[in-house]
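Q: Can you read through this structure? Questions will come right after.
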Amino acid sequence: FLKNDSTAFNYLESNKFKEILAGSCIHISSVTEKKAKFYVERLFVSESSSNIFDEIVDEIFEKKLFLLSDHAGEGKSTSFKNFWVKLKKKFPWKWIEYVDLKKHIEAFKVAKTLELNDQDVLVNFLRQNLLNLTQFESEVFDGADEIFPQFKDLMINLASNIERLTENCQFISTRPLYSEDFAYELNVDPHKLLPFDKTQRFELLVKFVVSNNLN
């Protein structure tokens, strides 16, 4: 479809695009898996339930969408990195990608400046050529609030497009300020993290000490 738009097609061939694309690709390192070793299980609360991730993962894949909405510093990114590790272990045959959205801001800028008239074409361009998600069966989109409000419509359309055109399961994290937009447009109930209790804080401290050989 991009060959029908000379501006977009020429840009794909440019060195500038290749530089931006190279700088936007995200790979999860062994550091993420190491951090997951001392992750403390959290309860995810919605209007209808309160469960740990392992208890709702099958339901999430059935609904194809999980929205985590909470304030800064509450553990959204840590939880999503832990999700990624768990999902890779639970579904080793699936292609699952973790996307740190704030590291894709330049990619979103490129997609927006192309000014493609058809919204579906624009979203497909972003999905296939910037975020490189064509081969993945599930996406963990972390930090949608980091690219809002400038790219709010584009991110919501991207999520809607993936839901409409594929069988992929999506995990999206954001802050309460923007969760209503996702909830309304994608027809999904947001979850939030239940704060740590004393037992969980102690468990986290013990795991941190052990993992860093401080005992």
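Residue names in the structure tokens use chain letters A, B, ... in the order shown, residue numbers from 1 in each chain, and ligand numbers from 1 in the order shown.
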Got a sec: who's within 12 Å of Asn161 (chain A), counting only C-alpha atoms, leaving out chain neighbours fewer than 3 positions off, as a PyMOL selection string?
A: chain A and resi 119-128+153-158+164-168+170+185-186
Q: Report, in Å to a single decimal, how far apart CA of Val85 (chain A) and CA of Leu67 (chain A) are.
A: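 CA of Leu67 (chain A) sits 17.9 Å away from CA of Val85 (chain A).
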Q: Please determine, counting only C-alpha atoms, which residue among A:Ser49, A:Gln200, A:Ser179, A:Ser138 has the shortest atom-to-atom distance to Leu87 (chain A).
A: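 Of A:Ser49, A:Gln200, A:Ser179, A:Ser138, the one nearest Leu87 (chain A), counting only C-alpha atoms, is A:Ser138.
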Q: Which value, in Å to one decimal, gives the distance between CA of Val45 (chain A) and CA of Pro190 (chain A)?
A: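 Computed distance, CA of Val45 (chain A) to CA of Pro190 (chain A), equals 8.5 Å.
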Q: CA of Ile60 (chain A) and CA of Ala107 (chain A), how far apart in Å?
A: 28.0 Å
Q: For Pro176 (chain A), which residue among A:Glu106, A:Leu114, A:Tyr98, A:Asp70 is the nearest when counting only C-alpha atoms?
A: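 Among the listed residues, the smallest separation from Pro176 (chain A) belongs to A:Asp70.
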Q: Identify, with DSSP run on backbone atoms, the residues in region 37-214 of chain A assigned to alpha helix (DSSP H), and express the list as a VMD selection string.
A: chain A and resid 53 to 63 76 to 90 105 to 113 119 to 125 152 to 165 176 to 186 198 to 211
Q: Considering only C-alpha atoms, can you say which of A:Leu101, A:Phe61, A:Phe108, A:Ile52 comes closest to Glu137 (chain A)?
A: A:Phe61
Q: Which of these residues is nearest to Asp197 (chain A), using only C-alpha atoms: A:Ala111, A:Ala144, A:Leu43, A:Leu68?
A: A:Leu43
Q: Just the residues within 9 Å of Tyr178 (chain A), please, counting only C-alpha atoms, with nothing from its chain fewer than 4 positions along; format it as a ChimeraX atom specification.
A: /A:69,144-145,148-149,152,174,182-183
Q: The selected residues should be written to file as a PDB file, in the first residue's frame (atoms: C-alpha atoms).
A:
```pdb
ATOM      1  CA  SER A  69      -4.136   2.329  34.667  1.00  0.00           C
ATOM      2  CA  ALA A 144       1.098   5.085  26.654  1.00  0.00           C
ATOM      3  CA  ASP A 145       0.868   8.182  28.854  1.00  0.00           C
ATOM      4  CA  PHE A 148       0.054  11.479  25.201  1.00  0.00           C
ATOM      5  CA  PRO A 149      -1.534  13.865  24.383  1.00  0.00           C
ATOM      6  CA  LYS A 152      -3.150  10.010  21.699  1.00  0.00           C
ATOM      7  CA  THR A 174      -1.234   4.346  31.090  1.00  0.00           C
ATOM      8  CA  PHE A 182      -8.820   3.785  26.058  1.00  0.00           C
ATOM      9  CA  ALA A 183     -11.738   2.359  28.040  1.00  0.00           C
TER      10      ALA A 183
END
```
Q: Pick out the closest residue to Leu65 (chain A) from this set: A:Phe202, A:Glu163, A:Tyr184, A:Val209. Count only C-alpha atoms.
A: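 For Leu65 (chain A), the nearest of the given residues is A:Glu163.
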Q: As an MDAnalysis selection string, which residues of region 57-192 of chain A does DSSP assign to strand (DSSP E)?
A: chainID A and resid 65:69 96:100 138:142 169:174 192
